[in-house]
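upload_27.txt follows (compact mmCIF, N, CA and C atoms):
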```
# COMPACT_ATOMS: atom_id res chain seq x y z
N MET A 691 167.03 229.78 145.57
CA MET A 691 168.26 229.05 145.42
C MET A 691 169.36 230.05 145.02
N THR A 692 170.48 229.99 145.70
CA THR A 692 171.59 230.90 145.38
C THR A 692 172.26 230.46 144.09
N GLY A 693 173.09 231.34 143.54
CA GLY A 693 173.84 231.01 142.33
C GLY A 693 174.74 229.81 142.52
N TYR A 694 175.40 229.73 143.67
CA TYR A 694 176.28 228.60 143.94
C TYR A 694 175.47 227.31 144.07
N GLU A 695 174.36 227.35 144.80
CA GLU A 695 173.51 226.17 144.93
C GLU A 695 173.00 225.71 143.57
N LYS A 696 172.66 226.67 142.72
CA LYS A 696 172.20 226.35 141.38
C LYS A 696 173.31 225.65 140.59
N MET A 697 174.55 226.18 140.66
CA MET A 697 175.67 225.60 139.96
C MET A 697 175.91 224.16 140.42
N ILE A 698 175.90 223.92 141.73
CA ILE A 698 176.12 222.58 142.27
C ILE A 698 174.99 221.63 141.85
N ARG A 699 173.77 222.11 141.91
CA ARG A 699 172.64 221.26 141.48
C ARG A 699 172.77 220.89 140.01
N ILE A 700 173.11 221.85 139.17
CA ILE A 700 173.29 221.57 137.74
C ILE A 700 174.35 220.50 137.54
N LEU A 701 175.50 220.66 138.20
CA LEU A 701 176.60 219.71 138.01
C LEU A 701 176.27 218.32 138.55
N HIS A 702 175.76 218.24 139.77
CA HIS A 702 175.55 216.94 140.40
C HIS A 702 174.33 216.21 139.89
N GLN A 703 173.33 216.96 139.44
CA GLN A 703 172.12 216.31 138.93
C GLN A 703 172.10 216.27 137.40
N LYS A 704 173.16 216.79 136.79
CA LYS A 704 173.26 216.83 135.32
C LYS A 704 172.00 217.45 134.72
N ASP A 705 171.61 218.59 135.26
CA ASP A 705 170.34 219.24 134.94
C ASP A 705 170.50 220.24 133.80
N MET A 706 170.42 219.74 132.56
CA MET A 706 170.56 220.61 131.39
C MET A 706 169.44 221.63 131.30
N THR A 707 168.24 221.27 131.72
CA THR A 707 167.11 222.20 131.67
C THR A 707 167.39 223.41 132.56
N LEU A 708 167.84 223.17 133.79
CA LEU A 708 168.18 224.27 134.68
C LEU A 708 169.38 225.04 134.16
N LEU A 709 170.37 224.36 133.61
CA LEU A 709 171.54 225.05 133.06
C LEU A 709 171.12 225.99 131.94
N GLU A 710 170.35 225.49 130.99
CA GLU A 710 169.92 226.33 129.86
C GLU A 710 169.12 227.53 130.33
N ALA A 711 168.30 227.36 131.37
CA ALA A 711 167.50 228.46 131.90
C ALA A 711 168.34 229.45 132.72
N SER A 712 169.53 229.03 133.15
CA SER A 712 170.36 229.84 134.04
C SER A 712 171.46 230.61 133.34
N VAL A 713 171.64 230.38 132.04
CA VAL A 713 172.74 231.00 131.30
C VAL A 713 172.18 232.11 130.40
N ALA A 714 172.75 233.30 130.53
CA ALA A 714 172.32 234.45 129.72
C ALA A 714 172.64 234.22 128.24
N ASP A 715 171.89 234.87 127.37
CA ASP A 715 172.11 234.72 125.93
C ASP A 715 173.51 235.13 125.50
N ASP A 716 174.09 236.14 126.16
CA ASP A 716 175.42 236.63 125.79
C ASP A 716 176.52 236.07 126.70
N TYR A 717 176.29 234.89 127.24
CA TYR A 717 177.21 234.24 128.17
C TYR A 717 178.56 233.94 127.50
N LEU A 718 179.62 234.10 128.27
CA LEU A 718 180.98 233.72 127.86
C LEU A 718 181.63 232.96 129.02
N TRP A 719 182.34 231.88 128.68
CA TRP A 719 183.08 231.09 129.67
C TRP A 719 184.54 231.06 129.27
N ILE A 720 185.41 231.42 130.19
CA ILE A 720 186.85 231.42 129.95
C ILE A 720 187.49 230.44 130.91
N TYR A 721 188.27 229.50 130.36
CA TYR A 721 189.07 228.60 131.18
C TYR A 721 190.50 228.74 130.70
N GLU A 722 191.35 229.21 131.62
CA GLU A 722 192.74 229.50 131.28
C GLU A 722 192.75 230.47 130.10
N MET A 723 193.25 230.07 128.95
CA MET A 723 193.37 230.98 127.80
C MET A 723 192.35 230.70 126.70
N LYS A 724 191.34 229.88 126.98
CA LYS A 724 190.33 229.55 125.98
C LYS A 724 188.99 230.16 126.37
N MET A 725 188.23 230.58 125.35
CA MET A 725 186.94 231.20 125.61
C MET A 725 185.87 230.51 124.77
N TRP A 726 184.69 230.28 125.39
CA TRP A 726 183.57 229.64 124.72
C TRP A 726 182.34 230.52 124.82
N THR A 727 181.51 230.47 123.78
CA THR A 727 180.21 231.15 123.79
C THR A 727 179.19 230.28 124.51
N LYS A 728 177.99 230.80 124.67
CA LYS A 728 176.92 230.06 125.32
C LYS A 728 176.68 228.72 124.62
N ASP A 729 176.54 228.74 123.30
CA ASP A 729 176.26 227.50 122.57
C ASP A 729 177.38 226.48 122.73
N ASP A 730 178.63 226.94 122.63
CA ASP A 730 179.78 226.05 122.82
C ASP A 730 179.79 225.47 124.23
N PHE A 731 179.53 226.31 125.20
CA PHE A 731 179.51 225.89 126.61
C PHE A 731 178.42 224.85 126.84
N LEU A 732 177.21 225.12 126.35
CA LEU A 732 176.11 224.18 126.56
C LEU A 732 176.39 222.84 125.89
N LYS A 733 177.00 222.87 124.71
CA LYS A 733 177.36 221.62 124.03
C LYS A 733 178.40 220.85 124.85
N GLN A 734 179.40 221.55 125.35
CA GLN A 734 180.44 220.91 126.14
C GLN A 734 179.85 220.32 127.43
N MET A 735 178.96 221.06 128.08
CA MET A 735 178.35 220.57 129.32
C MET A 735 177.46 219.36 129.04
N SER A 736 176.73 219.37 127.94
CA SER A 736 175.89 218.24 127.57
C SER A 736 176.75 216.99 127.38
N GLU A 737 177.90 217.14 126.72
CA GLU A 737 178.82 216.01 126.54
C GLU A 737 179.39 215.56 127.89
N LEU A 738 179.72 216.51 128.76
CA LEU A 738 180.24 216.19 130.09
C LEU A 738 179.21 215.39 130.89
N PHE A 739 177.94 215.76 130.76
CA PHE A 739 176.88 215.10 131.52
C PHE A 739 176.64 213.66 131.05
N GLN A 740 177.17 213.29 129.89
CA GLN A 740 177.05 211.91 129.42
C GLN A 740 178.01 210.98 130.17
N THR A 741 178.91 211.56 130.97
CA THR A 741 179.90 210.79 131.73
C THR A 741 179.63 210.96 133.22
N ASN A 742 180.48 210.38 134.04
CA ASN A 742 180.40 210.55 135.49
C ASN A 742 181.56 211.40 136.00
N ILE A 743 182.11 212.27 135.14
CA ILE A 743 183.29 213.04 135.52
C ILE A 743 183.05 213.86 136.77
N VAL A 744 181.91 214.52 136.87
CA VAL A 744 181.64 215.37 138.04
C VAL A 744 181.65 214.52 139.31
N ARG A 745 180.95 213.40 139.28
CA ARG A 745 180.89 212.55 140.46
C ARG A 745 182.24 211.91 140.77
N ASP A 746 182.96 211.49 139.73
CA ASP A 746 184.20 210.75 139.93
C ASP A 746 185.43 211.63 140.15
N ARG A 747 185.41 212.86 139.64
CA ARG A 747 186.63 213.67 139.66
C ARG A 747 186.56 214.96 140.48
N PHE A 748 185.37 215.49 140.75
CA PHE A 748 185.25 216.74 141.49
C PHE A 748 185.08 216.45 142.97
N PHE A 749 185.80 217.17 143.83
CA PHE A 749 185.63 216.99 145.26
C PHE A 749 186.08 218.25 146.00
N GLU A 750 185.76 218.30 147.28
CA GLU A 750 186.06 219.45 148.15
C GLU A 750 185.60 220.77 147.52
N GLU A 751 184.36 220.79 147.03
CA GLU A 751 183.79 222.00 146.45
C GLU A 751 183.44 222.97 147.57
N GLU A 752 183.67 224.25 147.31
CA GLU A 752 183.43 225.25 148.35
C GLU A 752 183.07 226.59 147.71
N CYS A 753 182.05 227.24 148.25
CA CYS A 753 181.71 228.60 147.87
C CYS A 753 182.58 229.54 148.71
N LEU A 754 183.37 230.37 148.06
CA LEU A 754 184.25 231.30 148.77
C LEU A 754 183.55 232.62 149.09
N TYR A 755 182.70 233.06 148.16
CA TYR A 755 181.97 234.32 148.36
C TYR A 755 180.80 234.35 147.38
N GLU A 756 179.70 234.96 147.82
CA GLU A 756 178.56 235.10 146.93
C GLU A 756 177.72 236.30 147.34
N ASP A 757 177.26 237.05 146.34
CA ASP A 757 176.25 238.07 146.54
C ASP A 757 175.38 238.10 145.28
N GLU A 758 174.58 239.14 145.09
CA GLU A 758 173.66 239.15 143.96
C GLU A 758 174.35 239.37 142.61
N ASP A 759 175.65 239.68 142.61
CA ASP A 759 176.38 239.95 141.37
C ASP A 759 177.45 238.93 141.03
N VAL A 760 177.92 238.17 142.03
CA VAL A 760 179.09 237.33 141.79
C VAL A 760 179.05 236.07 142.66
N VAL A 761 179.62 235.00 142.11
CA VAL A 761 179.84 233.75 142.86
C VAL A 761 181.31 233.39 142.68
N ASN A 762 182.03 233.24 143.78
CA ASN A 762 183.43 232.77 143.76
C ASN A 762 183.45 231.40 144.42
N TYR A 763 184.15 230.48 143.79
CA TYR A 763 184.16 229.10 144.29
C TYR A 763 185.51 228.44 144.01
N THR A 764 185.70 227.31 144.65
CA THR A 764 186.88 226.50 144.41
C THR A 764 186.48 225.04 144.54
N ARG A 765 187.27 224.17 143.92
CA ARG A 765 187.08 222.73 144.05
C ARG A 765 188.39 222.05 143.69
N LEU A 766 188.50 220.81 144.06
CA LEU A 766 189.62 220.00 143.61
C LEU A 766 189.10 219.11 142.50
N GLU A 767 189.96 218.85 141.52
CA GLU A 767 189.56 218.05 140.38
C GLU A 767 190.68 217.08 140.04
N LYS A 768 190.33 215.81 139.97
CA LYS A 768 191.32 214.78 139.63
C LYS A 768 191.43 214.70 138.11
N GLU A 769 192.66 214.80 137.60
CA GLU A 769 192.90 214.65 136.17
C GLU A 769 192.86 213.18 135.79
N GLU A 770 192.73 212.90 134.48
CA GLU A 770 192.72 211.51 134.01
C GLU A 770 193.96 210.75 134.45
N ASN A 771 195.11 211.43 134.50
CA ASN A 771 196.37 210.78 134.85
C ASN A 771 196.58 210.65 136.36
N GLY A 772 195.62 211.14 137.15
CA GLY A 772 195.72 211.03 138.60
C GLY A 772 196.22 212.27 139.31
N GLY A 773 196.69 213.26 138.56
CA GLY A 773 197.10 214.52 139.16
C GLY A 773 195.89 215.25 139.74
N ILE A 774 196.15 216.20 140.63
CA ILE A 774 195.08 216.97 141.27
C ILE A 774 195.24 218.45 140.92
N LEU A 775 194.14 219.05 140.46
CA LEU A 775 194.09 220.49 140.20
C LEU A 775 193.19 221.15 141.22
N ARG A 776 193.55 222.36 141.62
CA ARG A 776 192.63 223.22 142.36
C ARG A 776 192.04 224.17 141.34
N ILE A 777 190.74 224.11 141.16
CA ILE A 777 190.03 225.00 140.24
C ILE A 777 189.45 226.14 141.05
N THR A 778 189.75 227.36 140.64
CA THR A 778 189.19 228.55 141.27
C THR A 778 188.42 229.29 140.19
N GLY A 779 187.17 229.67 140.51
CA GLY A 779 186.34 230.30 139.50
C GLY A 779 185.50 231.44 140.03
N THR A 780 185.07 232.25 139.08
CA THR A 780 184.18 233.38 139.34
C THR A 780 183.09 233.38 138.30
N ILE A 781 181.86 233.53 138.75
CA ILE A 781 180.72 233.70 137.84
C ILE A 781 180.12 235.06 138.14
N LEU A 782 180.01 235.89 137.10
CA LEU A 782 179.29 237.15 137.22
C LEU A 782 177.86 236.91 136.78
N LEU A 783 176.92 237.46 137.54
CA LEU A 783 175.50 237.31 137.24
C LEU A 783 174.96 238.59 136.62
N ASN A 784 174.04 238.46 135.68
CA ASN A 784 173.44 239.66 135.09
C ASN A 784 172.28 240.13 135.97
N GLU A 785 171.58 241.16 135.53
CA GLU A 785 170.51 241.75 136.34
C GLU A 785 169.34 240.79 136.57
N GLU A 786 169.23 239.74 135.74
CA GLU A 786 168.18 238.73 135.92
C GLU A 786 168.65 237.58 136.82
N GLY A 787 169.91 237.64 137.28
CA GLY A 787 170.46 236.58 138.11
C GLY A 787 170.98 235.40 137.32
N LYS A 788 171.08 235.56 135.99
CA LYS A 788 171.59 234.48 135.14
C LYS A 788 173.12 234.55 135.06
N PHE A 789 173.73 233.39 134.81
CA PHE A 789 175.18 233.35 134.62
C PHE A 789 175.51 234.16 133.37
N TRP A 790 176.38 235.16 133.50
CA TRP A 790 176.68 236.08 132.41
C TRP A 790 178.12 235.90 131.92
N ARG A 791 179.07 235.85 132.84
CA ARG A 791 180.48 235.63 132.50
C ARG A 791 181.06 234.68 133.53
N SER A 792 181.86 233.73 133.08
CA SER A 792 182.53 232.80 133.98
C SER A 792 183.99 232.71 133.60
N ILE A 793 184.83 232.63 134.60
CA ILE A 793 186.26 232.44 134.37
C ILE A 793 186.77 231.45 135.40
N GLU A 794 187.58 230.49 134.94
CA GLU A 794 188.17 229.50 135.83
C GLU A 794 189.65 229.37 135.56
N LYS A 795 190.36 229.03 136.61
CA LYS A 795 191.81 228.81 136.53
C LYS A 795 192.11 227.52 137.25
N GLY A 796 192.95 226.70 136.64
CA GLY A 796 193.38 225.45 137.27
C GLY A 796 194.84 225.56 137.71
N THR A 797 195.10 225.13 138.93
CA THR A 797 196.47 225.13 139.47
C THR A 797 196.79 223.71 139.91
N LYS A 798 197.83 223.13 139.34
CA LYS A 798 198.23 221.78 139.73
C LYS A 798 198.77 221.81 141.15
N ILE A 799 198.19 220.97 142.00
CA ILE A 799 198.66 220.92 143.38
C ILE A 799 199.27 219.56 143.72
N GLN A 800 199.06 218.58 142.82
CA GLN A 800 199.67 217.27 143.04
C GLN A 800 199.85 216.59 141.69
N ASP A 801 201.04 216.09 141.43
CA ASP A 801 201.29 215.32 140.22
C ASP A 801 200.70 213.93 140.36
N ALA A 802 200.56 213.26 139.23
CA ALA A 802 200.08 211.88 139.25
C ALA A 802 201.02 211.02 140.09
N LEU A 803 200.45 210.10 140.82
CA LEU A 803 201.26 209.21 141.67
C LEU A 803 201.79 208.04 140.89
```
Translate the structure described by the file into structure tokens.
Amino acid sequence: MTGYEKMIRILHQKDMTLLEASVADDYLWIYEMKMWTKDDFLKQMSELFQTNIVRDRFFEEECLYEDEDVVNYTRLEKEENGGILRITGTILLNEEGKFWRSIEKGTKIQDAL
């Protein structure tokens, strides 16, 4: 399974077991100007999985590039107020193929209607 396939499976199947096994101990996640450690990230993802946000708000997901070191992807995400963001992200993989560093940026492409 590729890194991108793993990421999509984790999100769509709410697979915390696979997520925990896929994240390096020294993992860092950056979204815009905020940074989270592995424990913070796993807690946030666990809370996210208690909802249907991924199914209800994420769409047009696409892998832009992938090799053994990096996964680049994009998706559209509907905000609570109805606006649309384009999320662009990069995941760096460590030598074991685990998620090591992630960074995402959101760009508003449509205001709420």
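Atom CA of A:Glu767 sits 23.0 Å away from atom CA of A:Lys728.
As for atom C of A:Asp715 and atom C of A:Phe748, they are spaced 28.1 Å apart.
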Close residues, A:Asn771 itself excluded, 8 Å, all atoms listed in the file, min 6 positions apart in chain, as a short mmCIF file (atom, residue, chain, number, x, y, z; two decimals) with N, CA and C atoms, keeping the file's coordinate frame:
```cif
data_model
loop_
_atom_site.label_atom_id
_atom_site.label_comp_id
_atom_site.auth_asym_id
_atom_site.auth_seq_id
_atom_site.Cartn_x
_atom_site.Cartn_y
_atom_site.Cartn_z
N ASP A 801 201.04 216.09 141.43
CA ASP A 801 201.29 215.32 140.22
C ASP A 801 200.70 213.93 140.36
N ALA A 802 200.56 213.26 139.23
CA ALA A 802 200.08 211.88 139.25
C ALA A 802 201.02 211.02 140.09
N LEU A 803 200.45 210.10 140.82
CA LEU A 803 201.26 209.21 141.67
C LEU A 803 201.79 208.04 140.89
#
```
Quiz item: So which bits of chain A end up strand (DSSP E or B) when you DSSP the backbone, as a VMD selection string?
Solution: chain A and resid 713 to 721 724 to 727 748 to 756 760 to 768 774 to 783 789 to 800
Exercise. Would you kindly return, as a list in words, each protein, DNA or RNA residue with an atom no farther than 7 Å from any atom of A:Leu782, considering only N, CA and C atoms and excluding same-chain residues fewer than 3 positions away?
Key: Asp759, Val760, Val761, Lys788, Phe789, Trp790, Arg791, Ser792 and Ile793 of chain A
Practice problem: State, in Å with one decimal place, the distance from atom C of A:Thr778 to atom C of A:Glu794. | Solution: 4.8 Å
Which residues come within 6.5 Å of stretch 733-747 of chain A, counting only N, CA and C atoms, excluding same-chain residues fewer than 4 positions away, as an mmCIF file with N, CA and C atoms, in the coordinates of the input?
```
data_model
loop_
_atom_site.group_PDB
_atom_site.id
_atom_site.type_symbol
_atom_site.label_atom_id
_atom_site.label_comp_id
_atom_site.auth_asym_id
_atom_site.auth_seq_id
_atom_site.Cartn_x
_atom_site.Cartn_y
_atom_site.Cartn_z
ATOM 1 N N LEU A 701 175.500 220.660 138.200
ATOM 2 C CA LEU A 701 176.600 219.710 138.010
ATOM 3 C C LEU A 701 176.270 218.320 138.550
ATOM 4 N N LYS A 704 173.160 216.790 136.790
ATOM 5 C CA LYS A 704 173.260 216.830 135.320
ATOM 6 C C LYS A 704 172.000 217.450 134.720
ATOM 7 N N LYS A 728 177.990 230.800 124.670
ATOM 8 C CA LYS A 728 176.920 230.060 125.320
ATOM 9 C C LYS A 728 176.680 228.720 124.620
ATOM 10 N N ASP A 729 176.540 228.740 123.300
ATOM 11 C CA ASP A 729 176.260 227.500 122.570
ATOM 12 C C ASP A 729 177.380 226.480 122.730
ATOM 13 N N LEU A 766 188.500 220.810 144.060
ATOM 14 C CA LEU A 766 189.620 220.000 143.610
ATOM 15 C C LEU A 766 189.100 219.110 142.500
ATOM 16 N N GLU A 767 189.960 218.850 141.520
ATOM 17 C CA GLU A 767 189.560 218.050 140.380
ATOM 18 C C GLU A 767 190.680 217.080 140.040
ATOM 19 N N LYS A 768 190.330 215.810 139.970
ATOM 20 C CA LYS A 768 191.320 214.780 139.630
ATOM 21 C C LYS A 768 191.430 214.700 138.110
ATOM 22 N N GLU A 769 192.660 214.800 137.600
ATOM 23 C CA GLU A 769 192.900 214.650 136.170
ATOM 24 C C GLU A 769 192.860 213.180 135.790
#
```
Give me the residues near A:Thr727 as a tab-separated table (two decimals) with N, CA and C atoms, in the coordinates of the input, where near means some atom within 7 Å (using all atoms listed in the file) and where sequence neighbours in that chain fewer than 2 positions away do not count.
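As a result, around_24.tsv now contains:
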```tsv
chain	number	residue	atom	x	y	z
A	716	ASP	N	174.09	236.14	126.16
A	716	ASP	CA	175.42	236.63	125.79
A	716	ASP	C	176.52	236.07	126.70
A	717	TYR	N	176.29	234.89	127.24
A	717	TYR	CA	177.21	234.24	128.17
A	717	TYR	C	178.56	233.94	127.50
A	718	LEU	N	179.62	234.10	128.27
A	718	LEU	CA	180.98	233.72	127.86
A	718	LEU	C	181.63	232.96	129.02
A	719	TRP	N	182.34	231.88	128.68
A	719	TRP	CA	183.08	231.09	129.67
A	719	TRP	C	184.54	231.06	129.27
A	725	MET	N	188.23	230.58	125.35
A	725	MET	CA	186.94	231.20	125.61
A	725	MET	C	185.87	230.51	124.77
A	729	ASP	N	176.54	228.74	123.30
A	729	ASP	CA	176.26	227.50	122.57
A	729	ASP	C	177.38	226.48	122.73
A	730	ASP	N	178.63	226.94	122.63
A	730	ASP	CA	179.78	226.05	122.82
A	730	ASP	C	179.79	225.47	124.23
A	731	PHE	N	179.53	226.31	125.20
A	731	PHE	CA	179.51	225.89	126.61
A	731	PHE	C	178.42	224.85	126.84
A	732	LEU	N	177.21	225.12	126.35
A	732	LEU	CA	176.11	224.18	126.56
A	732	LEU	C	176.39	222.84	125.89
```
Edge lengths and centre in Å, axis-aligned, stretch 741-759 of chain A plus 3 Å each side, as JSON:
```
{"center_x": 180.1, "center_y": 225.2, "center_z": 140.0, "size_x": 19.0, "size_y": 35.6, "size_z": 24.1}
```
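For the choices A:His702, A:Arg776, A:Leu754, A:Met697, the atom-to-atom distance to A:Thr797 is smallest for A:Arg776 when using only N, CA and C atoms.
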Could you name the residues that touch A:Arg765 at 7 Å or less, counting all atoms listed in the file, but leaving out those on the same chain fewer than 3 positions away, as a PDB file with N, CA and C atoms, in the frame of the given file?
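This is the output file part_17.pdb:
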```pdb
ATOM      1  N   PHE A 748     185.370 215.490 140.750  1.00  0.00           N
ATOM      2  CA  PHE A 748     185.250 216.740 141.490  1.00  0.00           C
ATOM      3  C   PHE A 748     185.080 216.450 142.970  1.00  0.00           C
ATOM      4  N   PHE A 749     185.800 217.170 143.830  1.00  0.00           N
ATOM      5  CA  PHE A 749     185.630 216.990 145.260  1.00  0.00           C
ATOM      6  C   PHE A 749     186.080 218.250 146.000  1.00  0.00           C
ATOM      7  N   GLU A 750     185.760 218.300 147.280  1.00  0.00           N
ATOM      8  CA  GLU A 750     186.060 219.450 148.150  1.00  0.00           C
ATOM      9  C   GLU A 750     185.600 220.770 147.520  1.00  0.00           C
ATOM     10  N   GLU A 751     184.360 220.790 147.030  1.00  0.00           N
ATOM     11  CA  GLU A 751     183.790 222.000 146.450  1.00  0.00           C
ATOM     12  C   GLU A 751     183.440 222.970 147.570  1.00  0.00           C
ATOM     13  N   GLU A 752     183.670 224.250 147.310  1.00  0.00           N
ATOM     14  CA  GLU A 752     183.430 225.250 148.350  1.00  0.00           C
ATOM     15  C   GLU A 752     183.070 226.590 147.710  1.00  0.00           C
ATOM     16  N   LEU A 775     194.140 219.050 140.460  1.00  0.00           N
ATOM     17  CA  LEU A 775     194.090 220.490 140.200  1.00  0.00           C
ATOM     18  C   LEU A 775     193.190 221.150 141.220  1.00  0.00           C
ATOM     19  N   ARG A 776     193.550 222.360 141.620  1.00  0.00           N
ATOM     20  CA  ARG A 776     192.630 223.220 142.360  1.00  0.00           C
ATOM     21  C   ARG A 776     192.040 224.170 141.340  1.00  0.00           C
ATOM     22  N   ILE A 777     190.740 224.110 141.160  1.00  0.00           N
ATOM     23  CA  ILE A 777     190.030 225.000 140.240  1.00  0.00           C
ATOM     24  C   ILE A 777     189.450 226.140 141.050  1.00  0.00           C
ATOM     25  N   THR A 778     189.750 227.360 140.640  1.00  0.00           N
ATOM     26  CA  THR A 778     189.190 228.550 141.270  1.00  0.00           C
ATOM     27  C   THR A 778     188.420 229.290 140.190  1.00  0.00           C
ATOM     28  N   GLY A 779     187.170 229.670 140.510  1.00  0.00           N
ATOM     29  CA  GLY A 779     186.340 230.300 139.500  1.00  0.00           C
ATOM     30  C   GLY A 779     185.500 231.440 140.030  1.00  0.00           C
TER      31      GLY A 779
END
```
